[in-house]
$ cat target12.pdb   # PDB, C-alpha atoms
MODEL        1
ATOM      1  CA  VAL S 249      -6.800  16.079   5.229  1.00  0.00           C
ATOM      2  CA  GLN S 250      -9.493  16.790   2.651  1.00  0.00           C
ATOM      3  CA  GLU S 251      -7.200  15.659  -0.185  1.00  0.00           C
ATOM      4  CA  MET S 252      -6.375  12.459   1.734  1.00  0.00           C
ATOM      5  CA  ASN S 253     -10.085  11.786   2.330  1.00  0.00           C
ATOM      6  CA  VAL S 254     -10.846  12.210  -1.383  1.00  0.00           C
ATOM      7  CA  TYR S 255      -8.013   9.814  -2.275  1.00  0.00           C
ATOM      8  CA  MET S 256      -9.166   7.244   0.304  1.00  0.00           C
ATOM      9  CA  ARG S 257     -12.748   7.446  -0.971  1.00  0.00           C
ATOM     10  CA  GLU S 258     -11.578   6.956  -4.576  1.00  0.00           C
ATOM     11  CA  GLN S 259      -9.387   3.976  -3.628  1.00  0.00           C
ATOM     12  CA  TRP S 260     -12.143   2.474  -1.473  1.00  0.00           C
ATOM     13  CA  ASN S 261     -14.849   2.748  -4.113  1.00  0.00           C
ATOM     14  CA  LYS S 262     -12.493   1.371  -6.750  1.00  0.00           C
ATOM     15  CA  VAL S 263     -12.159  -1.970  -4.925  1.00  0.00           C
ATOM     16  CA  VAL S 264     -15.403  -2.206  -2.920  1.00  0.00           C
ATOM     17  CA  SER S 265     -18.755  -2.728  -4.619  1.00  0.00           C
ATOM     18  CA  GLU S 266     -22.128  -1.582  -3.305  1.00  0.00           C
ATOM     19  CA  ASP S 267     -22.945  -4.887  -1.568  1.00  0.00           C
ATOM     20  CA  ASP S 268     -19.507  -6.042  -0.382  1.00  0.00           C
ATOM     21  CA  PRO S 269     -19.171  -6.682   3.352  1.00  0.00           C
ATOM     22  CA  VAL S 270     -16.455  -4.406   4.762  1.00  0.00           C
ATOM     23  CA  ILE S 271     -14.800  -4.396   8.165  1.00  0.00           C
ATOM     24  CA  HIS S 272     -13.376  -0.977   8.991  1.00  0.00           C
ATOM     25  CA  ALA S 273     -10.606  -1.127  11.623  1.00  0.00           C
ATOM     26  CA  GLY S 274     -11.547   2.126  13.341  1.00  0.00           C
ATOM     27  CA  ASP S 275     -10.547   5.751  13.814  1.00  0.00           C
ATOM     28  CA  VAL S 276     -13.076   7.216  11.390  1.00  0.00           C
ATOM     29  CA  ALA S 277     -14.007  10.082  13.716  1.00  0.00           C
ATOM     30  CA  PHE S 278     -10.504  11.483  14.144  1.00  0.00           C
ATOM     31  CA  SER S 279     -10.809  14.975  12.736  1.00  0.00           C
ATOM     32  CA  SER S 280     -11.292  18.600  13.423  1.00  0.00           C
ATOM     33  CA  GLY S 281     -13.770  21.071  12.059  1.00  0.00           C
ATOM     34  CA  ASN S 282     -17.153  20.291  10.547  1.00  0.00           C
ATOM     35  CA  TYR S 283     -16.491  16.643   9.734  1.00  0.00           C
ATOM     36  CA  GLU S 284     -19.301  14.141  10.347  1.00  0.00           C
ATOM     37  CA  PRO S 285     -17.993  10.541  10.183  1.00  0.00           C
ATOM     38  CA  SER S 286     -21.309   9.050   9.084  1.00  0.00           C
ATOM     39  CA  ASP S 287     -21.524  11.560   6.199  1.00  0.00           C
ATOM     40  CA  TYR S 288     -18.102  10.458   4.982  1.00  0.00           C
ATOM     41  CA  LEU S 289     -18.863   6.750   5.417  1.00  0.00           C
ATOM     42  CA  LYS S 290     -22.090   7.116   3.425  1.00  0.00           C
ATOM     43  CA  GLN S 291     -19.899   8.009   0.437  1.00  0.00           C
ATOM     44  CA  LEU S 292     -18.105   4.661   0.703  1.00  0.00           C
ATOM     45  CA  TYR S 293     -19.482   1.538  -0.962  1.00  0.00           C
ATOM     46  CA  GLY S 294     -20.187  -1.658   0.904  1.00  0.00           C
ATOM     47  CA  ASN S 295     -22.056  -2.945   3.924  1.00  0.00           C
ATOM     48  CA  GLN S 296     -19.803  -1.666   6.652  1.00  0.00           C
ATOM     49  CA  VAL S 297     -19.023  -2.854  10.135  1.00  0.00           C
ATOM     50  CA  LEU S 298     -17.045  -0.374  12.208  1.00  0.00           C
ATOM     51  CA  ILE S 299     -14.577  -1.743  14.720  1.00  0.00           C
ATOM     52  CA  LEU S 300     -14.503   1.205  17.099  1.00  0.00           C
ATOM     53  CA  GLY S 301     -11.115   2.866  17.450  1.00  0.00           C
ATOM     54  CA  ASN S 302      -9.702   5.054  20.170  1.00  0.00           C
ATOM     55  CA  HIS S 303     -10.614   8.175  18.136  1.00  0.00           C
ATOM     56  CA  ASP S 304     -14.223   7.084  17.613  1.00  0.00           C
ATOM     57  CA  ASP S 305     -15.561   8.037  21.036  1.00  0.00           C
ATOM     58  CA  SER S 306     -17.579  10.894  19.507  1.00  0.00           C
ATOM     59  CA  ILE S 307     -19.711   8.384  17.592  1.00  0.00           C
ATOM     60  CA  ASN S 308     -23.163   7.849  19.021  1.00  0.00           C
ATOM     61  CA  GLU S 309     -23.684   4.155  18.237  1.00  0.00           C
ATOM     62  CA  GLU S 310     -27.478   4.443  18.526  1.00  0.00           C
ATOM     63  CA  GLU S 311     -27.581   7.109  15.807  1.00  0.00           C
ATOM     64  CA  PHE S 312     -24.700   5.814  13.691  1.00  0.00           C
ATOM     65  CA  PRO S 313     -25.996   4.150  10.500  1.00  0.00           C
ATOM     66  CA  TYR S 314     -23.584   1.192  10.650  1.00  0.00           C
ATOM     67  CA  LEU S 315     -22.995  -1.752  12.926  1.00  0.00           C
ATOM     68  CA  CYS S 316     -20.394  -0.807  15.536  1.00  0.00           C
ATOM     69  CA  THR S 317     -18.459  -3.258  17.654  1.00  0.00           C
ATOM     70  CA  GLU S 318     -15.186  -3.439  19.535  1.00  0.00           C
ATOM     71  CA  ARG S 319     -14.098  -6.733  18.001  1.00  0.00           C
ATOM     72  CA  MET S 320     -15.308  -9.590  15.879  1.00  0.00           C
ATOM     73  CA  VAL S 321     -14.135 -12.947  14.564  1.00  0.00           C
ATOM     74  CA  VAL S 322     -14.360 -13.636  10.850  1.00  0.00           C
ATOM     75  CA  GLN S 323     -13.674 -16.940   9.121  1.00  0.00           C
ATOM     76  CA  HIS S 324     -12.541 -17.026   5.503  1.00  0.00           C
ATOM     77  CA  HIS S 325     -11.041 -19.871   3.438  1.00  0.00           C
ATOM     78  CA  GLY S 326      -9.797 -21.861   6.429  1.00  0.00           C
ATOM     79  CA  TYR S 327      -8.457 -18.854   8.339  1.00  0.00           C
ATOM     80  CA  ARG S 328     -10.000 -17.281  11.415  1.00  0.00           C
ATOM     81  CA  PHE S 329      -9.307 -13.607  12.010  1.00  0.00           C
ATOM     82  CA  TRP S 330      -9.702 -11.711  15.261  1.00  0.00           C
ATOM     83  CA  CYS S 331     -10.632  -8.215  14.051  1.00  0.00           C
ATOM     84  CA  THR S 332      -9.903  -5.384  16.460  1.00  0.00           C
ATOM     85  CA  HIS S 333      -8.643  -1.841  16.463  1.00  0.00           C
ATOM     86  CA  ARG S 334      -5.867  -2.283  19.014  1.00  0.00           C
ATOM     87  CA  PRO S 335      -3.547  -5.262  18.555  1.00  0.00           C
ATOM     88  CA  ASP S 336      -2.786  -5.296  22.289  1.00  0.00           C
ATOM     89  CA  GLU S 337      -6.434  -6.112  23.062  1.00  0.00           C
ATOM     90  CA  VAL S 338      -6.310  -9.650  21.677  1.00  0.00           C
ATOM     91  CA  PRO S 339      -6.871 -12.415  24.239  1.00  0.00           C
ATOM     92  CA  ASP S 340      -3.707 -14.240  25.276  1.00  0.00           C
ATOM     93  CA  ASN S 341      -5.199 -17.582  24.238  1.00  0.00           C
ATOM     94  CA  TRP S 342      -5.912 -16.444  20.632  1.00  0.00           C
ATOM     95  CA  THR S 343      -3.368 -18.177  18.371  1.00  0.00           C
ATOM     96  CA  GLU S 344      -4.863 -17.463  14.962  1.00  0.00           C
ATOM     97  CA  CYS S 345      -4.623 -14.370  12.743  1.00  0.00           C
ATOM     98  CA  VAL S 346      -5.311 -10.849  13.965  1.00  0.00           C
ATOM     99  CA  ILE S 347      -6.406  -8.001  11.716  1.00  0.00           C
ATOM    100  CA  HIS S 348      -5.964  -4.627  13.401  1.00  0.00           C
ATOM    101  CA  GLY S 349      -5.455  -0.922  12.923  1.00  0.00           C
ATOM    102  CA  HIS S 350      -4.329   1.674  15.479  1.00  0.00           C
ATOM    103  CA  VAL S 351      -0.545   1.420  15.153  1.00  0.00           C
ATOM    104  CA  HIS S 352      -0.159   3.064  11.723  1.00  0.00           C
ATOM    105  CA  ASN S 353       3.530   3.124  10.747  1.00  0.00           C
ATOM    106  CA  ASP S 354       4.768   1.706  14.052  1.00  0.00           C
ATOM    107  CA  HIS S 355       4.170  -1.917  12.992  1.00  0.00           C
ATOM    108  CA  PRO S 356       4.570  -3.735   9.681  1.00  0.00           C
ATOM    109  CA  PHE S 357       1.713  -4.731   7.405  1.00  0.00           C
ATOM    110  CA  ILE S 358       2.161  -8.487   7.979  1.00  0.00           C
ATOM    111  CA  GLU S 359       4.174 -10.201  10.710  1.00  0.00           C
ATOM    112  CA  TYR S 360       3.787 -13.837   9.718  1.00  0.00           C
ATOM    113  CA  ASN S 361       5.165 -15.426  12.917  1.00  0.00           C
ATOM    114  CA  LYS S 362       2.986 -13.183  15.090  1.00  0.00           C
ATOM    115  CA  ASN S 363      -0.132 -13.812  12.932  1.00  0.00           C
ATOM    116  CA  LYS S 364      -0.687 -10.051  12.744  1.00  0.00           C
ATOM    117  CA  ILE S 365      -1.987  -8.001   9.845  1.00  0.00           C
ATOM    118  CA  ASN S 366      -1.859  -4.238  10.293  1.00  0.00           C
ATOM    119  CA  VAL S 367      -4.463  -2.658   8.011  1.00  0.00           C
ATOM    120  CA  SER S 368      -3.706   0.921   9.027  1.00  0.00           C
ATOM    121  CA  VAL S 369      -4.197   2.948   5.850  1.00  0.00           C
ATOM    122  CA  GLU S 370      -0.516   3.897   5.603  1.00  0.00           C
ATOM    123  CA  ARG S 371       0.449   0.212   5.303  1.00  0.00           C
ATOM    124  CA  ILE S 372      -2.120  -0.676   2.617  1.00  0.00           C
ATOM    125  CA  ASP S 373      -1.756   2.438   0.452  1.00  0.00           C
ATOM    126  CA  TYR S 374      -5.137   3.741   1.626  1.00  0.00           C
ATOM    127  CA  THR S 375      -6.878   0.905  -0.233  1.00  0.00           C
ATOM    128  CA  PRO S 376      -9.070  -1.775   1.390  1.00  0.00           C
ATOM    129  CA  VAL S 377      -7.700  -5.277   0.856  1.00  0.00           C
ATOM    130  CA  PRO S 378     -10.198  -8.115   0.312  1.00  0.00           C
ATOM    131  CA  LEU S 379      -9.910 -11.069   2.698  1.00  0.00           C
ATOM    132  CA  ASN S 380      -9.335 -13.480  -0.195  1.00  0.00           C
ATOM    133  CA  ILE S 381      -6.300 -11.395  -1.250  1.00  0.00           C
ATOM    134  CA  LEU S 382      -4.978 -11.333   2.345  1.00  0.00           C
ATOM    135  CA  VAL S 383      -5.381 -15.120   2.590  1.00  0.00           C
ATOM    136  CA  LYS S 384      -3.679 -15.624  -0.765  1.00  0.00           C
ATOM    137  CA  GLY S 385      -0.796 -13.410   0.422  1.00  0.00           C
ATOM    138  CA  LEU S 386      -0.490 -15.254   3.733  1.00  0.00           C
ATOM    139  CA  LYS S 387      -0.267 -18.574   1.888  1.00  0.00           C
ATOM    140  CA  LYS S 388       2.779 -17.237  -0.004  1.00  0.00           C
ATOM    141  CA  MET S 389       4.588 -16.314   3.212  1.00  0.00           C
ATOM    142  CA  GLY S 390       6.481 -18.488   5.642  1.00  0.00           C
ATOM    143  CA  SER S 391       8.199 -18.549   8.984  1.00  0.00           C
ATOM    144  CA  GLY S 392      10.035 -15.331   9.773  1.00  0.00           C
ATOM    145  CA  ASP S 393       8.552 -13.369   6.867  1.00  0.00           C
ATOM    146  CA  VAL S 394       7.648  -9.742   7.510  1.00  0.00           C
ATOM    147  CA  ALA S 395       6.122  -7.347   4.985  1.00  0.00           C
ATOM    148  CA  CYS S 396       6.566  -3.739   6.019  1.00  0.00           C
ATOM    149  CA  ASP S 397       3.966  -2.426   3.546  1.00  0.00           C
ATOM    150  CA  ILE S 398       1.585  -3.986   1.040  1.00  0.00           C
ATOM    151  CA  LYS S 399       4.145  -3.285  -1.704  1.00  0.00           C
ATOM    152  CA  ASP S 400       6.687  -5.437   0.221  1.00  0.00           C
ATOM    153  CA  SER S 401       4.259  -8.337   0.549  1.00  0.00           C
ATOM    154  CA  PRO S 402       3.489 -11.191  -1.857  1.00  0.00           C
ATOM    155  CA  ILE S 403       0.279  -9.309  -2.649  1.00  0.00           C
ATOM    156  CA  SER S 404       2.353  -6.940  -4.805  1.00  0.00           C
ATOM    157  CA  ASN S 405       2.810  -9.844  -7.249  1.00  0.00           C
ATOM    158  CA  PHE S 406      -0.931 -10.381  -7.699  1.00  0.00           C
ATOM    159  CA  GLN S 407      -2.973  -8.991 -10.570  1.00  0.00           C
ATOM    160  CA  TRP S 408      -5.296  -7.421  -7.991  1.00  0.00           C
ATOM    161  CA  TYR S 409      -2.419  -5.246  -6.747  1.00  0.00           C
ATOM    162  CA  HIS S 410      -1.449  -4.119 -10.234  1.00  0.00           C
ATOM    163  CA  GLU S 411      -5.051  -3.203 -11.062  1.00  0.00           C
ATOM    164  CA  ASN S 412      -5.849  -1.412  -7.808  1.00  0.00           C
ATOM    165  CA  ILE S 413      -2.759  -0.069  -6.078  1.00  0.00           C
ATOM    166  CA  GLU S 414       0.314   0.076  -8.276  1.00  0.00           C
ATOM    167  CA  LYS S 415       0.791   3.532  -9.694  1.00  0.00           C
TER     168      LYS S 415
ENDMDL
END
$ encode --input "target12.pdb" --output "structure tokens"
Amino acid sequence: VQEMNVYMREQWNKVVSEDDPVIHAGDVAFSSGNYEPSDYLKQLYGNQVLILGNHDDSINEEEFPYLCTERMVVQHHGYRFWCTHRPDEVPDNWTECVIHGHVHNDHPFIEYNKNKINVSVERIDYTPVPLNILVKGLKKMGSGDVACDIKDSPISNFQWYHENIEK
């Protein structure tokens, strides 16, 4: 777990600058031992918003140094994104894109027809993906397209991918 946390911190700080807005899709408090989520998050660049996950119930929102919420809507380059931890908590009348975590390897990275983007760390190679890169990738997809992981998506053809993820 410690090795994974070091890798995630390195990947995060490689693509996120000090002042970038960042939406974290939850489950930062899932751990055992002497792990303090806010101590770990303080090592990560960016102005963070934490979408609370099902493993974040130990977080005291009043003492936590970041904005915490259960969901939020973000608009970027003509797209509106419902940001949540659990994809099953999206209102039935929402027809636009959903960015979520929670499901890890149980769901693909992008399901174009379902307007779902799974940003669980396993699907994005433990590297935050900027909204402009997600939008650019969505614009390259069409009806029926599914990208299991970020490497299977159109994003893998972008310079950003080669500079930040490709090994």
$ resolve_selection --input "target12.pdb" --expression "the PyMOL selection byres ((chain S and resi 403-408) around 9)" --output "list in words"
Ile381, Leu382, Lys384, Gly385, Leu386, Lys388, Ile398, Lys399, Asp400, Ser401, Pro402, Tyr409, His410, Glu411, Asn412, Ile413 and Glu414 of chain S
$ atom_distance --input "target12.pdb" --atom1 "atom CA of S:Glu284" --atom2 "atom CA of S:Tyr314"
13.6 Å
$ resolve_selection --input "target12.pdb" --expression "the PyMOL selection byres ((chain S and resi 360) around 8)" --output "count of residues only"
13
$ residues_around --input "target12.pdb" --residues "stretch 275-277 of chain S" --least-positions-apart "3" --cutoff "10 Å" --atoms "all atoms listed in the file" --output "ChimeraX atom specification"
/S:272,280,283-286,288-289,298-307,333,349-350,368
$ closest_residue --input "target12.pdb" --among "S:Val321, S:Val351, S:Val377, S:Cys331" --to "S:Trp260" --atoms "all atoms listed in the file"
S:Val377
$ closest_residue --input "target12.pdb" --among "S:Gln291, S:Thr343, S:Gln296, S:Asn253" --to "S:Pro269" --atoms "all atoms listed in the file"
S:Gln296
$ resolve_selection --input "target12.pdb" --expression "the PyMOL selection byres ((chain S and resi 325) around 10)" --output "PyMOL selection string"
chain S and resi 323-324+326-328+379-380+383-384
$ atom_distance --input "target12.pdb" --atom1 "atom CA of S:Val297" --atom2 "atom CA of S:Met252"
21.6 Å
$ atom_distance --input "target12.pdb" --atom1 "atom CA of S:Asn261" --atom2 "atom CA of S:Arg319"
24.1 Å
$ closest_residue --input "target12.pdb" --among "S:Leu292, S:Cys396, S:Val322, S:Val346" --to "S:Met256" --atoms "all atoms listed in the file"
S:Leu292
$ residues_around --input "target12.pdb" --residues "S:His352" --least-positions-apart "2" --cutoff "9 Å" --atoms "all atoms listed in the file" --output "ChimeraX atom specification"
/S:349-350,354-356,366-371
$ write_last_selection --input "target12.pdb" --atoms "C-alpha atoms" --output "compact mmCIF listing (two decimals), keeping the file's coordinate frame"
# COMPACT_ATOMS: atom_id res chain seq x y z
CA GLY S 349 -5.46 -0.92 12.92
CA HIS S 350 -4.33 1.67 15.48
CA ASP S 354 4.77 1.71 14.05
CA HIS S 355 4.17 -1.92 12.99
CA PRO S 356 4.57 -3.74 9.68
CA ASN S 366 -1.86 -4.24 10.29
CA VAL S 367 -4.46 -2.66 8.01
CA SER S 368 -3.71 0.92 9.03
CA VAL S 369 -4.20 2.95 5.85
CA GLU S 370 -0.52 3.90 5.60
CA ARG S 371 0.45 0.21 5.30
$ closest_residue --input "target12.pdb" --among "S:Asn308, S:Pro313, S:Ala395, S:Trp330" --to "S:Asp287" --atoms "only C-alpha atoms"
S:Pro313
